[in-house]
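Structure below is input.pdb: PDB, C-alpha atoms.
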```
ATOM      1  CA  MET A   1     -17.041  18.142 -50.906
ATOM      2  CA  THR A   2     -16.501  15.325 -53.393
ATOM      3  CA  SER A   3     -14.895  11.992 -52.590
ATOM      4  CA  ARG A   4     -13.646   9.254 -54.882
ATOM      5  CA  THR A   5     -11.301   6.273 -54.913
ATOM      6  CA  PHE A   6      -7.843   7.453 -55.952
ATOM      7  CA  GLY A   7      -6.107   4.076 -56.015
ATOM      8  CA  THR A   8      -5.165   1.004 -54.024
ATOM      9  CA  MET A   9      -2.094   0.183 -51.948
ATOM     10  CA  PRO A  10      -0.257  -3.131 -52.529
ATOM     11  CA  ASP A  11      -2.025  -4.674 -49.514
ATOM     12  CA  GLY A  12      -5.414  -3.743 -50.944
ATOM     13  CA  THR A  13      -6.019  -0.679 -48.763
ATOM     14  CA  PRO A  14      -8.007   1.885 -50.755
ATOM     15  CA  VAL A  15      -6.740   5.442 -51.084
ATOM     16  CA  LYS A  16      -9.415   8.124 -51.165
ATOM     17  CA  SER A  17      -9.377  11.564 -52.747
ATOM     18  CA  VAL A  18     -11.444  14.361 -51.179
ATOM     19  CA  THR A  19     -11.952  17.755 -52.820
ATOM     20  CA  ILE A  20     -12.959  20.711 -50.655
ATOM     21  CA  SER A  21     -13.791  24.240 -51.794
ATOM     22  CA  ASN A  22     -15.378  27.561 -50.952
ATOM     23  CA  GLY A  23     -15.711  28.599 -54.591
ATOM     24  CA  ASP A  24     -12.605  30.778 -54.535
ATOM     25  CA  LEU A  25     -10.064  28.180 -53.418
ATOM     26  CA  THR A  26     -10.222  24.438 -54.084
ATOM     27  CA  ALA A  27      -7.952  21.754 -52.609
ATOM     28  CA  THR A  28      -7.785  18.031 -53.240
ATOM     29  CA  ILE A  29      -6.595  15.891 -50.329
ATOM     30  CA  LEU A  30      -5.518  12.232 -50.387
ATOM     31  CA  THR A  31      -5.756   9.807 -47.505
ATOM     32  CA  PHE A  32      -2.315   8.563 -48.614
ATOM     33  CA  GLY A  33       0.152  10.583 -46.568
ATOM     34  CA  ALA A  34      -2.540  13.217 -45.873
ATOM     35  CA  VAL A  35      -1.234  14.632 -49.146
ATOM     36  CA  ILE A  36      -2.397  17.941 -50.604
ATOM     37  CA  GLN A  37      -2.557  16.704 -54.191
ATOM     38  CA  ASP A  38      -3.808  19.894 -55.855
ATOM     39  CA  ILE A  39      -4.656  23.508 -55.035
ATOM     40  CA  ARG A  40      -6.574  25.767 -57.425
ATOM     41  CA  LEU A  41      -7.383  29.462 -57.102
ATOM     42  CA  ALA A  42     -10.370  30.810 -59.042
ATOM     43  CA  GLY A  43      -9.265  32.646 -62.169
ATOM     44  CA  VAL A  44      -5.877  30.883 -62.269
ATOM     45  CA  PRO A  45      -5.758  28.113 -64.893
ATOM     46  CA  HIS A  46      -3.061  25.931 -63.353
ATOM     47  CA  PRO A  47      -2.230  24.052 -60.135
ATOM     48  CA  LEU A  48      -0.254  25.849 -57.422
ATOM     49  CA  VAL A  49       1.456  22.758 -56.001
ATOM     50  CA  LEU A  50       3.296  19.767 -57.437
ATOM     51  CA  GLY A  51       1.404  16.480 -57.432
ATOM     52  CA  TYR A  52       0.510  13.299 -59.309
ATOM     53  CA  ASP A  53      -2.764  11.906 -60.610
ATOM     54  CA  ASN A  54      -2.191   8.290 -59.513
ATOM     55  CA  ILE A  55      -1.058   6.464 -56.386
ATOM     56  CA  GLU A  56       1.668   4.537 -58.196
ATOM     57  CA  ALA A  57       3.494   7.775 -59.005
ATOM     58  CA  TYR A  58       3.404   8.853 -55.363
ATOM     59  CA  ARG A  59       4.856   5.513 -54.295
ATOM     60  CA  ARG A  60       7.591   5.582 -56.967
ATOM     61  CA  ASN A  61       8.672   9.145 -56.228
ATOM     62  CA  ARG A  62       9.631   9.458 -52.560
ATOM     63  CA  THR A  63       9.744  13.261 -52.544
ATOM     64  CA  TYR A  64       6.923  13.781 -50.012
ATOM     65  CA  PHE A  65       4.883  15.893 -52.451
ATOM     66  CA  GLY A  66       2.166  17.512 -50.317
ATOM     67  CA  ALA A  67       2.518  15.005 -47.471
ATOM     68  CA  ILE A  68       2.551  15.369 -43.703
ATOM     69  CA  ALA A  69       6.075  14.459 -42.585
ATOM     70  CA  GLY A  70       6.392  12.762 -39.180
ATOM     71  CA  ARG A  71       6.458  11.382 -36.491
ATOM     72  CA  PHE A  72       9.510  13.676 -36.534
ATOM     73  CA  ALA A  73       9.758  15.878 -39.623
ATOM     74  CA  ASN A  74      13.248  16.618 -40.937
ATOM     75  CA  ARG A  75      16.406  14.914 -39.614
ATOM     76  CA  ILE A  76      17.691  13.328 -36.424
ATOM     77  CA  ALA A  77      21.467  12.803 -36.391
ATOM     78  CA  ASP A  78      22.370   9.098 -36.535
ATOM     79  CA  GLY A  79      18.748   8.339 -35.639
ATOM     80  CA  ARG A  80      19.645   8.647 -31.945
ATOM     81  CA  PHE A  81      18.204  10.656 -29.069
ATOM     82  CA  SER A  82      17.506  10.442 -25.344
ATOM     83  CA  ILE A  83      14.418  11.266 -23.290
ATOM     84  CA  ASP A  84      14.644  11.328 -19.486
ATOM     85  CA  GLY A  85      17.957   9.461 -19.617
ATOM     86  CA  GLN A  86      16.596   6.664 -21.824
ATOM     87  CA  ASP A  87      18.408   6.213 -25.153
ATOM     88  CA  TYR A  88      16.517   5.445 -28.362
ATOM     89  CA  GLN A  89      17.571   4.363 -31.839
ATOM     90  CA  VAL A  90      15.127   5.083 -34.633
ATOM     91  CA  SER A  91      15.397   3.962 -38.247
ATOM     92  CA  GLN A  92      18.208   5.375 -40.401
ATOM     93  CA  ASN A  93      16.359   5.769 -43.692
ATOM     94  CA  GLU A  94      18.749   8.504 -44.843
ATOM     95  CA  ALA A  95      21.792   6.676 -43.522
ATOM     96  CA  PRO A  96      23.222   7.370 -41.100
ATOM     97  CA  ASN A  97      20.417   9.793 -40.227
ATOM     98  CA  HIS A  98      16.669   9.572 -39.685
ATOM     99  CA  LEU A  99      14.427  11.600 -42.021
ATOM    100  CA  HIS A 100      10.706  12.465 -41.900
ATOM    101  CA  GLY A 101       9.670   9.625 -39.598
ATOM    102  CA  GLY A 102      11.600   6.790 -41.239
ATOM    103  CA  PHE A 103      10.961   4.190 -43.921
ATOM    104  CA  ASP A 104       7.217   4.121 -43.271
ATOM    105  CA  GLY A 105       6.531   7.555 -41.829
ATOM    106  CA  PHE A 106       3.241   9.425 -41.785
ATOM    107  CA  GLY A 107       3.818  10.725 -45.320
ATOM    108  CA  THR A 108       3.760   7.247 -46.854
ATOM    109  CA  ARG A 109       0.900   5.649 -44.900
ATOM    110  CA  VAL A 110      -2.848   5.712 -45.482
ATOM    111  CA  TRP A 111      -4.684   7.911 -42.992
ATOM    112  CA  THR A 112      -8.271   7.328 -41.849
ATOM    113  CA  LEU A 113     -10.938   9.665 -43.181
ATOM    114  CA  LEU A 114     -12.729  10.735 -39.994
ATOM    115  CA  ARG A 115     -15.179  13.364 -41.226
ATOM    116  CA  SER A 116     -15.683  15.911 -43.965
ATOM    117  CA  SER A 117     -17.813  18.842 -45.096
ATOM    118  CA  PRO A 118     -17.917  20.871 -48.314
ATOM    119  CA  SER A 119     -15.006  23.008 -47.089
ATOM    120  CA  SER A 120     -13.070  20.748 -44.695
ATOM    121  CA  VAL A 121     -11.728  17.240 -44.227
ATOM    122  CA  THR A 122     -10.371  15.593 -41.071
ATOM    123  CA  LEU A 123      -7.950  12.667 -41.153
ATOM    124  CA  GLY A 124      -6.420  10.559 -38.398
ATOM    125  CA  ILE A 125      -3.488   8.220 -37.964
ATOM    126  CA  THR A 126      -2.148   6.056 -35.130
ATOM    127  CA  SER A 127       1.545   5.376 -34.639
ATOM    128  CA  ALA A 128       2.181   2.307 -32.482
ATOM    129  CA  ASP A 129       4.618   2.132 -29.587
ATOM    130  CA  GLY A 130       7.982   1.111 -31.088
ATOM    131  CA  GLU A 131       7.112   2.076 -34.653
ATOM    132  CA  GLU A 132      10.327   3.045 -36.478
ATOM    133  CA  GLY A 133      11.954   2.834 -33.021
ATOM    134  CA  TYR A 134       9.930   5.636 -31.393
ATOM    135  CA  PRO A 135       8.576   5.173 -27.874
ATOM    136  CA  GLY A 136       4.877   5.557 -27.142
ATOM    137  CA  LYS A 137       1.631   5.215 -29.010
ATOM    138  CA  VAL A 138       0.788   8.478 -30.768
ATOM    139  CA  GLU A 139      -2.659   9.527 -32.007
ATOM    140  CA  VAL A 140      -2.778  12.298 -34.606
ATOM    141  CA  GLU A 141      -5.751  14.246 -35.952
ATOM    142  CA  LEU A 142      -5.419  16.636 -38.888
ATOM    143  CA  THR A 143      -7.983  19.018 -40.384
ATOM    144  CA  TYR A 144      -7.620  20.818 -43.684
ATOM    145  CA  SER A 145     -10.186  23.586 -44.089
ATOM    146  CA  ILE A 146     -10.841  26.260 -46.674
ATOM    147  CA  GLU A 147     -11.387  29.718 -45.226
ATOM    148  CA  ALA A 148     -11.998  33.104 -46.829
ATOM    149  CA  PRO A 149     -10.126  34.761 -48.346
ATOM    150  CA  GLY A 150      -8.285  32.098 -50.361
ATOM    151  CA  THR A 151      -6.871  30.285 -47.343
ATOM    152  CA  LEU A 152      -6.112  26.607 -46.745
ATOM    153  CA  LYS A 153      -5.759  26.042 -43.009
ATOM    154  CA  THR A 154      -3.842  23.081 -41.601
ATOM    155  CA  GLU A 155      -4.575  22.215 -37.970
ATOM    156  CA  ILE A 156      -2.852  19.235 -36.343
ATOM    157  CA  SER A 157      -3.074  17.763 -32.844
ATOM    158  CA  ALA A 158      -1.346  14.747 -31.304
ATOM    159  CA  THR A 159      -1.295  12.884 -27.979
ATOM    160  CA  THR A 160       0.858  10.097 -26.577
ATOM    161  CA  ASP A 161       0.866   7.513 -23.801
ATOM    162  CA  LYS A 162       4.669   7.696 -23.223
ATOM    163  CA  PRO A 163       7.213  10.504 -23.507
ATOM    164  CA  THR A 164       8.175  10.678 -27.182
ATOM    165  CA  LEU A 165       9.021  13.051 -30.030
ATOM    166  CA  VAL A 166       6.434  14.760 -32.220
ATOM    167  CA  ASN A 167       7.315  17.305 -34.892
ATOM    168  CA  LEU A 168       5.024  17.437 -37.917
ATOM    169  CA  ALA A 169       5.327  19.450 -41.123
ATOM    170  CA  GLN A 170       3.212  20.041 -44.210
ATOM    171  CA  HIS A 171       5.540  19.254 -47.131
ATOM    172  CA  SER A 172       3.898  20.793 -50.214
ATOM    173  CA  TYR A 173       6.044  21.969 -53.123
ATOM    174  CA  PHE A 174       4.748  25.298 -54.414
ATOM    175  CA  ASN A 175       5.017  26.611 -57.955
ATOM    176  CA  LEU A 176       2.787  29.618 -58.505
ATOM    177  CA  ASP A 177       3.488  29.652 -62.261
ATOM    178  CA  GLY A 178       2.115  26.133 -62.703
ATOM    179  CA  ALA A 179       5.148  24.800 -64.617
ATOM    180  CA  GLY A 180       8.875  25.229 -65.147
ATOM    181  CA  THR A 181      11.042  26.344 -62.235
ATOM    182  CA  ILE A 182      10.481  28.663 -59.312
ATOM    183  CA  ARG A 183      13.767  30.513 -59.916
ATOM    184  CA  ASP A 184      11.986  33.807 -60.721
ATOM    185  CA  HIS A 185       9.592  33.638 -57.786
ATOM    186  CA  VAL A 186      10.172  36.324 -55.158
ATOM    187  CA  LEU A 187      10.529  34.954 -51.636
ATOM    188  CA  THR A 188      10.337  36.760 -48.307
ATOM    189  CA  ILE A 189      11.208  35.086 -44.987
ATOM    190  CA  PRO A 190      11.324  37.286 -41.848
ATOM    191  CA  ALA A 191      14.164  35.329 -40.240
ATOM    192  CA  GLU A 192      17.139  37.112 -38.671
ATOM    193  CA  THR A 193      19.107  33.863 -38.324
ATOM    194  CA  TYR A 194      19.306  30.429 -39.909
ATOM    195  CA  LEU A 195      20.772  27.058 -38.928
ATOM    196  CA  PRO A 196      23.996  26.122 -40.764
ATOM    197  CA  ILE A 197      24.278  22.397 -41.532
ATOM    198  CA  ASP A 198      27.013  19.815 -41.932
ATOM    199  CA  ALA A 199      27.541  17.443 -44.872
ATOM    200  CA  GLY A 200      24.694  15.247 -43.623
ATOM    201  CA  LYS A 201      22.317  18.249 -43.462
ATOM    202  CA  ILE A 202      22.335  18.169 -39.652
ATOM    203  CA  PRO A 203      22.367  21.586 -37.918
ATOM    204  CA  THR A 204      25.685  22.453 -36.292
ATOM    205  CA  GLY A 205      23.874  24.125 -33.372
ATOM    206  CA  GLU A 206      24.863  27.641 -34.404
ATOM    207  CA  PHE A 207      22.300  30.398 -34.951
ATOM    208  CA  ARG A 208      23.985  32.322 -37.763
ATOM    209  CA  PRO A 209      22.789  35.799 -38.834
ATOM    210  CA  VAL A 210      21.372  35.896 -42.358
ATOM    211  CA  ALA A 211      22.752  39.407 -42.962
ATOM    212  CA  GLY A 212      25.249  39.393 -45.815
ATOM    213  CA  THR A 213      24.492  35.784 -46.794
ATOM    214  CA  GLU A 214      22.497  34.038 -49.515
ATOM    215  CA  TYR A 215      19.946  33.154 -46.792
ATOM    216  CA  ASP A 216      18.831  36.740 -46.298
ATOM    217  CA  PHE A 217      15.260  36.936 -47.606
ATOM    218  CA  ARG A 218      14.043  39.508 -45.079
ATOM    219  CA  ASN A 219      13.288  42.159 -47.695
ATOM    220  CA  GLY A 220      12.170  39.763 -50.420
ATOM    221  CA  ARG A 221      14.284  38.738 -53.379
ATOM    222  CA  ARG A 222      14.205  36.489 -56.402
ATOM    223  CA  PHE A 223      14.854  32.856 -55.517
ATOM    224  CA  GLY A 224      17.518  32.524 -58.217
ATOM    225  CA  GLU A 225      19.286  35.776 -57.407
ATOM    226  CA  GLY A 226      23.023  35.202 -57.275
ATOM    227  CA  HIS A 227      22.580  31.649 -58.546
ATOM    228  CA  ASP A 228      21.732  32.171 -62.206
ATOM    229  CA  GLY A 229      22.884  29.179 -64.234
ATOM    230  CA  VAL A 230      23.144  26.853 -61.229
ATOM    231  CA  VAL A 231      20.702  24.760 -59.248
ATOM    232  CA  GLU A 232      20.098  26.191 -55.788
ATOM    233  CA  SER A 233      20.937  23.966 -52.841
ATOM    234  CA  TYR A 234      18.745  25.506 -50.160
ATOM    235  CA  ASP A 235      17.676  23.013 -47.491
ATOM    236  CA  HIS A 236      17.946  24.991 -44.279
ATOM    237  CA  ASN A 237      15.858  25.864 -41.268
ATOM    238  CA  MET A 238      15.142  29.578 -41.140
ATOM    239  CA  VAL A 239      14.696  30.742 -37.546
ATOM    240  CA  VAL A 240      11.643  32.992 -37.517
ATOM    241  CA  ARG A 241      11.293  32.600 -33.737
ATOM    242  CA  ARG A 242      12.960  30.613 -30.943
ATOM    243  CA  GLU A 243       9.680  29.159 -29.597
ATOM    244  CA  LYS A 244       6.210  28.135 -30.746
ATOM    245  CA  VAL A 245       3.401  30.676 -30.439
ATOM    246  CA  SER A 246      -0.300  30.160 -29.814
ATOM    247  CA  THR A 247      -1.544  32.261 -32.753
ATOM    248  CA  PRO A 248      -0.179  31.822 -36.307
ATOM    249  CA  GLN A 249       2.347  34.495 -37.267
ATOM    250  CA  PRO A 250       3.962  35.276 -40.672
ATOM    251  CA  ILE A 251       6.788  32.974 -41.677
ATOM    252  CA  ALA A 252       7.020  33.426 -45.465
ATOM    253  CA  VAL A 253       5.614  35.125 -48.553
ATOM    254  CA  LEU A 254       6.067  33.768 -52.072
ATOM    255  CA  ALA A 255       5.036  35.693 -55.185
ATOM    256  CA  SER A 256       5.096  35.243 -58.945
ATOM    257  CA  SER A 257       5.066  38.215 -61.300
ATOM    258  CA  LYS A 258       4.334  35.846 -64.183
ATOM    259  CA  SER A 259       1.047  34.494 -62.830
ATOM    260  CA  GLY A 260       0.187  37.326 -60.475
ATOM    261  CA  VAL A 261      -0.338  34.839 -57.645
ATOM    262  CA  ALA A 262       1.034  35.342 -54.140
ATOM    263  CA  LEU A 263       1.166  32.986 -51.165
ATOM    264  CA  GLU A 264       1.403  34.080 -47.541
ATOM    265  CA  VAL A 265       2.276  31.419 -44.965
ATOM    266  CA  THR A 266       1.544  31.911 -41.269
ATOM    267  CA  SER A 267       2.169  29.375 -38.516
ATOM    268  CA  THR A 268       2.472  28.697 -34.824
ATOM    269  CA  GLU A 269       5.820  26.997 -35.508
ATOM    270  CA  PRO A 270       9.156  28.743 -34.807
ATOM    271  CA  GLY A 271      11.023  27.564 -37.892
ATOM    272  CA  VAL A 272      10.458  27.131 -41.593
ATOM    273  CA  GLN A 273      12.540  24.604 -43.491
ATOM    274  CA  PHE A 274      13.251  26.280 -46.808
ATOM    275  CA  TYR A 275      13.946  23.582 -49.409
ATOM    276  CA  GLY A 276      14.554  24.647 -53.003
ATOM    277  CA  GLY A 277      13.590  21.318 -54.565
ATOM    278  CA  GLN A 278      17.010  20.786 -56.121
ATOM    279  CA  MET A 279      16.775  17.007 -55.713
ATOM    280  CA  VAL A 280      13.469  16.673 -57.568
ATOM    281  CA  ALA A 281      13.888  14.292 -60.498
ATOM    282  CA  SER A 282      10.471  12.848 -61.198
ATOM    283  CA  LYS A 283       9.929   9.504 -62.904
ATOM    284  CA  ASP A 284       6.322  10.388 -63.784
ATOM    285  CA  LYS A 285       4.319  13.252 -65.231
ATOM    286  CA  GLY A 286       2.725  15.548 -62.693
ATOM    287  CA  ILE A 287      -0.807  16.926 -62.570
ATOM    288  CA  ASN A 288       0.201  19.693 -64.989
ATOM    289  CA  GLY A 289       1.580  17.193 -67.550
ATOM    290  CA  GLU A 290       5.177  18.097 -66.748
ATOM    291  CA  VAL A 291       7.927  15.710 -65.647
ATOM    292  CA  TYR A 292       9.212  17.675 -62.682
ATOM    293  CA  GLY A 293      12.918  18.478 -62.479
ATOM    294  CA  ALA A 294      15.222  20.401 -60.154
ATOM    295  CA  ASN A 295      13.643  23.542 -58.675
ATOM    296  CA  ALA A 296      10.220  22.683 -60.102
ATOM    297  CA  GLY A 297       8.815  23.725 -56.744
ATOM    298  CA  LEU A 298       9.970  24.861 -53.327
ATOM    299  CA  CYS A 299       8.940  23.851 -49.818
ATOM    300  CA  LEU A 300       8.166  26.126 -46.882
ATOM    301  CA  GLU A 301       7.868  23.571 -44.072
ATOM    302  CA  ALA A 302       6.657  25.093 -40.806
ATOM    303  CA  GLN A 303       8.088  23.002 -37.984
ATOM    304  CA  LEU A 304      10.279  22.703 -34.921
ATOM    305  CA  PHE A 305      14.000  22.664 -35.623
ATOM    306  CA  PRO A 306      15.840  19.696 -37.203
ATOM    307  CA  ASP A 307      17.696  17.416 -34.769
ATOM    308  CA  ALA A 308      15.913  19.173 -31.896
ATOM    309  CA  PRO A 309      16.300  16.285 -29.399
ATOM    310  CA  ASN A 310      20.100  16.499 -29.697
ATOM    311  CA  GLN A 311      20.451  20.289 -29.571
ATOM    312  CA  LYS A 312      20.145  21.896 -26.148
ATOM    313  CA  ASP A 313      19.393  25.385 -27.488
ATOM    314  CA  PHE A 314      16.574  24.285 -29.814
ATOM    315  CA  PRO A 315      12.873  24.275 -28.845
ATOM    316  CA  SER A 316      11.920  20.907 -27.387
ATOM    317  CA  ALA A 317      10.084  18.345 -29.515
ATOM    318  CA  VAL A 318       9.264  16.083 -26.561
ATOM    319  CA  LEU A 319       5.570  15.284 -26.068
ATOM    320  CA  ARG A 320       4.446  13.749 -22.763
ATOM    321  CA  PRO A 321       1.285  11.981 -21.614
ATOM    322  CA  GLY A 322      -1.384  14.500 -20.682
ATOM    323  CA  GLU A 323      -0.018  17.074 -23.131
ATOM    324  CA  THR A 324      -1.324  17.850 -26.612
ATOM    325  CA  TYR A 325       0.870  18.736 -29.543
ATOM    326  CA  HIS A 326      -0.824  21.453 -31.583
ATOM    327  CA  GLN A 327       0.091  23.185 -34.818
ATOM    328  CA  GLU A 328      -1.751  25.637 -37.053
ATOM    329  CA  THR A 329      -0.311  26.593 -40.426
ATOM    330  CA  LEU A 330      -2.248  28.657 -42.963
ATOM    331  CA  PHE A 331      -1.594  29.086 -46.686
ATOM    332  CA  ARG A 332      -3.301  32.205 -48.039
ATOM    333  CA  PHE A 333      -3.372  32.603 -51.837
ATOM    334  CA  SER A 334      -4.223  35.840 -53.597
ATOM    335  CA  ARG A 335      -4.071  37.402 -57.032
ATOM    336  CA  THR A 336      -1.766  40.410 -57.213
ATOM    337  CA  GLY A 337      -2.376  41.313 -60.830
TER     338      GLY A 337
END
```
Could you show the structure in this file as structure tokens?
Amino acid sequence: MTSRTFGTMPDGTPVKSVTISNGDLTATILTFGAVIQDIRLAGVPHPLVLGYDNIEAYRRNRTYFGAIAGRFANRIADGRFSIDGQDYQVSQNEAPNHLHGGFDGFGTRVWTLLRSSPSSVTLGITSADGEEGYPGKVEVELTYSIEAPGTLKTEISATTDKPTLVNLAQHSYFNLDGAGTIRDHVLTIPAETYLPIDAGKIPTGEFRPVAGTEYDFRNGRRFGEGHDGVVESYDHNMVVRREKVSTPQPIAVLASSKSGVALEVTSTEPGVQFYGGQMVASKDKGINGEVYGANAGLCLEAQLFPDAPNQKDFPSAVLRPGETYHQETLFRFSRTG
């Protein structure tokens, strides 16, 4: 494990960078946003995620590169929800909706470095009662650890002192080629249904079969298939399961024939938000020297479903005192050629 100062926030708070490794896989983690800044696989000469080499670029480009999104990842319609008959209004940072915890969500704050080892780092953050409009004080602890073979494990827990919402997601953008677009990557998602969305990207409540649609990735297909010449507009929750599970199960596989690198994602979460990165328009060069554009990377965000508190058929995102929110999501990288 190596640690260094990565930069400084406007209020003077230092941002630290921690690199963990087991020799085969190396990951660099920032205390800003609990960001995964870089992932390297031995024998592969380029990064496998999108990231920046300075804090100013992260603050200028609000694309959540590698961050933990929360207190509620994804969207809440009109920023409104009710718990136990009590109505709440949270911030509308993607007006009129709420996105990824609001204007100052977990992905834009500096986390506390709690402990570290050569192959793991643990970070913590506290969200005050009333922050962004959410009820209850929430305490979050996150551990990134490198495990054999080639696996970065994300384990998150959270507690609260009042009934509230907690739905966290790791928001890395993957590009297994190291540059360019991910249009030729082959993606597999074992989801029989997906959640259609309205113009504001809020789920309609329908569970629609993927069969016969552009959202059918059950047997694996090229990301750009059927979209050659256009920028893909994927930003949908793929329903792998209807409930959380206690042991991580497969939710996605991504592979590049160009680099020979594959990524398998497993998680306890029931859904994976598949975002094709079509809105990426970077103002700064990334860690590979490229100014990232549309489809420079894609996200596979393991999480509960968007707008869960307003959808009666979605798994609940309510966390109560005495309960512990828990998520495990693993990213396993391998060389296929």
_Spatial neighbours of segment 55-63 of chain A, 8 Å, all atoms listed in the file, chain gap at least 5 places, as a PyMOL selection string_ = chain A and resi 6-9+15+108+280+282-284
_I'd like the contact shell of Pro250 of chain A - 10 Å cut-off, all atoms listed in the file, skipping same-chain residues fewer than 4 positions apart - returned as a count of residues only._
11
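Of the listed residues (A:Ser257, A:Asn175, A:Thr2, A:Thr188), A:Asn175 comes nearest to Gly51 of chain A; the distances count only C-alpha atoms.
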*Run the PyMOL selection byres ((chain A and resi 223-234) around 7) mentally over the shown coordinates, then write out the matched residues as a list in words, using the chain letters and numbers from the document.*
Arg183, Asp184, His185, Val186, Leu187, Arg221, Arg222, Asp235, His236, Phe274, Tyr275, Gly276 and Gln278 of chain A
Those residues you just picked out, can you put them in a file as a PDB file, in the coordinates of the input with C-alpha atoms?
```pdb
ATOM      1  CA  ARG A 183      13.767  30.513 -59.916  1.00  0.00           C
ATOM      2  CA  ASP A 184      11.986  33.807 -60.721  1.00  0.00           C
ATOM      3  CA  HIS A 185       9.592  33.638 -57.786  1.00  0.00           C
ATOM      4  CA  VAL A 186      10.172  36.324 -55.158  1.00  0.00           C
ATOM      5  CA  LEU A 187      10.529  34.954 -51.636  1.00  0.00           C
ATOM      6  CA  ARG A 221      14.284  38.738 -53.379  1.00  0.00           C
ATOM      7  CA  ARG A 222      14.205  36.489 -56.402  1.00  0.00           C
ATOM      8  CA  ASP A 235      17.676  23.013 -47.491  1.00  0.00           C
ATOM      9  CA  HIS A 236      17.946  24.991 -44.279  1.00  0.00           C
ATOM     10  CA  PHE A 274      13.251  26.280 -46.808  1.00  0.00           C
ATOM     11  CA  TYR A 275      13.946  23.582 -49.409  1.00  0.00           C
ATOM     12  CA  GLY A 276      14.554  24.647 -53.003  1.00  0.00           C
ATOM     13  CA  GLN A 278      17.010  20.786 -56.121  1.00  0.00           C
TER      14      GLN A 278
END
```
*Do a neighbour search on segment 113-130 of chain A at 10 Å with only C-alpha atoms, toss out local chain neighbours closer than 6 positions, and write the hits as a PyMOL selection string.*
chain A and resi 1-3+15-23+25-31+33-34+70-71+88+90+105-106+136-147+152-162+164
For the selection you just gave me, I'd like the residues written to a file as an mmCIF file, in the coordinates of the input, keeping C-alpha atoms.
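This went into result_25.cif:
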```cif
data_model
loop_
_atom_site.group_PDB
_atom_site.id
_atom_site.type_symbol
_atom_site.label_atom_id
_atom_site.label_comp_id
_atom_site.auth_asym_id
_atom_site.auth_seq_id
_atom_site.Cartn_x
_atom_site.Cartn_y
_atom_site.Cartn_z
ATOM 1 C CA MET A 1 -17.041 18.142 -50.906
ATOM 2 C CA THR A 2 -16.501 15.325 -53.393
ATOM 3 C CA SER A 3 -14.895 11.992 -52.590
ATOM 4 C CA VAL A 15 -6.740 5.442 -51.084
ATOM 5 C CA LYS A 16 -9.415 8.124 -51.165
ATOM 6 C CA SER A 17 -9.377 11.564 -52.747
ATOM 7 C CA VAL A 18 -11.444 14.361 -51.179
ATOM 8 C CA THR A 19 -11.952 17.755 -52.820
ATOM 9 C CA ILE A 20 -12.959 20.711 -50.655
ATOM 10 C CA SER A 21 -13.791 24.240 -51.794
ATOM 11 C CA ASN A 22 -15.378 27.561 -50.952
ATOM 12 C CA GLY A 23 -15.711 28.599 -54.591
ATOM 13 C CA LEU A 25 -10.064 28.180 -53.418
ATOM 14 C CA THR A 26 -10.222 24.438 -54.084
ATOM 15 C CA ALA A 27 -7.952 21.754 -52.609
ATOM 16 C CA THR A 28 -7.785 18.031 -53.240
ATOM 17 C CA ILE A 29 -6.595 15.891 -50.329
ATOM 18 C CA LEU A 30 -5.518 12.232 -50.387
ATOM 19 C CA THR A 31 -5.756 9.807 -47.505
ATOM 20 C CA GLY A 33 0.152 10.583 -46.568
ATOM 21 C CA ALA A 34 -2.540 13.217 -45.873
ATOM 22 C CA GLY A 70 6.392 12.762 -39.180
ATOM 23 C CA ARG A 71 6.458 11.382 -36.491
ATOM 24 C CA TYR A 88 16.517 5.445 -28.362
ATOM 25 C CA VAL A 90 15.127 5.083 -34.633
ATOM 26 C CA GLY A 105 6.531 7.555 -41.829
ATOM 27 C CA PHE A 106 3.241 9.425 -41.785
ATOM 28 C CA GLY A 136 4.877 5.557 -27.142
ATOM 29 C CA LYS A 137 1.631 5.215 -29.010
ATOM 30 C CA VAL A 138 0.788 8.478 -30.768
ATOM 31 C CA GLU A 139 -2.659 9.527 -32.007
ATOM 32 C CA VAL A 140 -2.778 12.298 -34.606
ATOM 33 C CA GLU A 141 -5.751 14.246 -35.952
ATOM 34 C CA LEU A 142 -5.419 16.636 -38.888
ATOM 35 C CA THR A 143 -7.983 19.018 -40.384
ATOM 36 C CA TYR A 144 -7.620 20.818 -43.684
ATOM 37 C CA SER A 145 -10.186 23.586 -44.089
ATOM 38 C CA ILE A 146 -10.841 26.260 -46.674
ATOM 39 C CA GLU A 147 -11.387 29.718 -45.226
ATOM 40 C CA LEU A 152 -6.112 26.607 -46.745
ATOM 41 C CA LYS A 153 -5.759 26.042 -43.009
ATOM 42 C CA THR A 154 -3.842 23.081 -41.601
ATOM 43 C CA GLU A 155 -4.575 22.215 -37.970
ATOM 44 C CA ILE A 156 -2.852 19.235 -36.343
ATOM 45 C CA SER A 157 -3.074 17.763 -32.844
ATOM 46 C CA ALA A 158 -1.346 14.747 -31.304
ATOM 47 C CA THR A 159 -1.295 12.884 -27.979
ATOM 48 C CA THR A 160 0.858 10.097 -26.577
ATOM 49 C CA ASP A 161 0.866 7.513 -23.801
ATOM 50 C CA LYS A 162 4.669 7.696 -23.223
ATOM 51 C CA THR A 164 8.175 10.678 -27.182
#
```
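Counting from atom CA of Phe174 of chain A, the distance to atom CA of Ala73 of chain A is 18.2 Å.
Here atom CA of Val239 of chain A and atom CA of Gly205 of chain A stand 12.1 Å from one another.
Here the question is which of A:Val49, A:Val210, A:Leu99, A:Ala69 gets nearest to Gly178 of chain A using only C-alpha atoms, and that residue is A:Val49.
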Listed atoms of segment 18-22 of chain A boxed axis-aligned with 4 Å per side, centre + edges as lines of an AutoDock Vina configuration file:
```
center_x = -13.4
center_y = 21.0
center_z = -51.7
size_x = 11.9
size_y = 21.2
size_z = 10.2
```
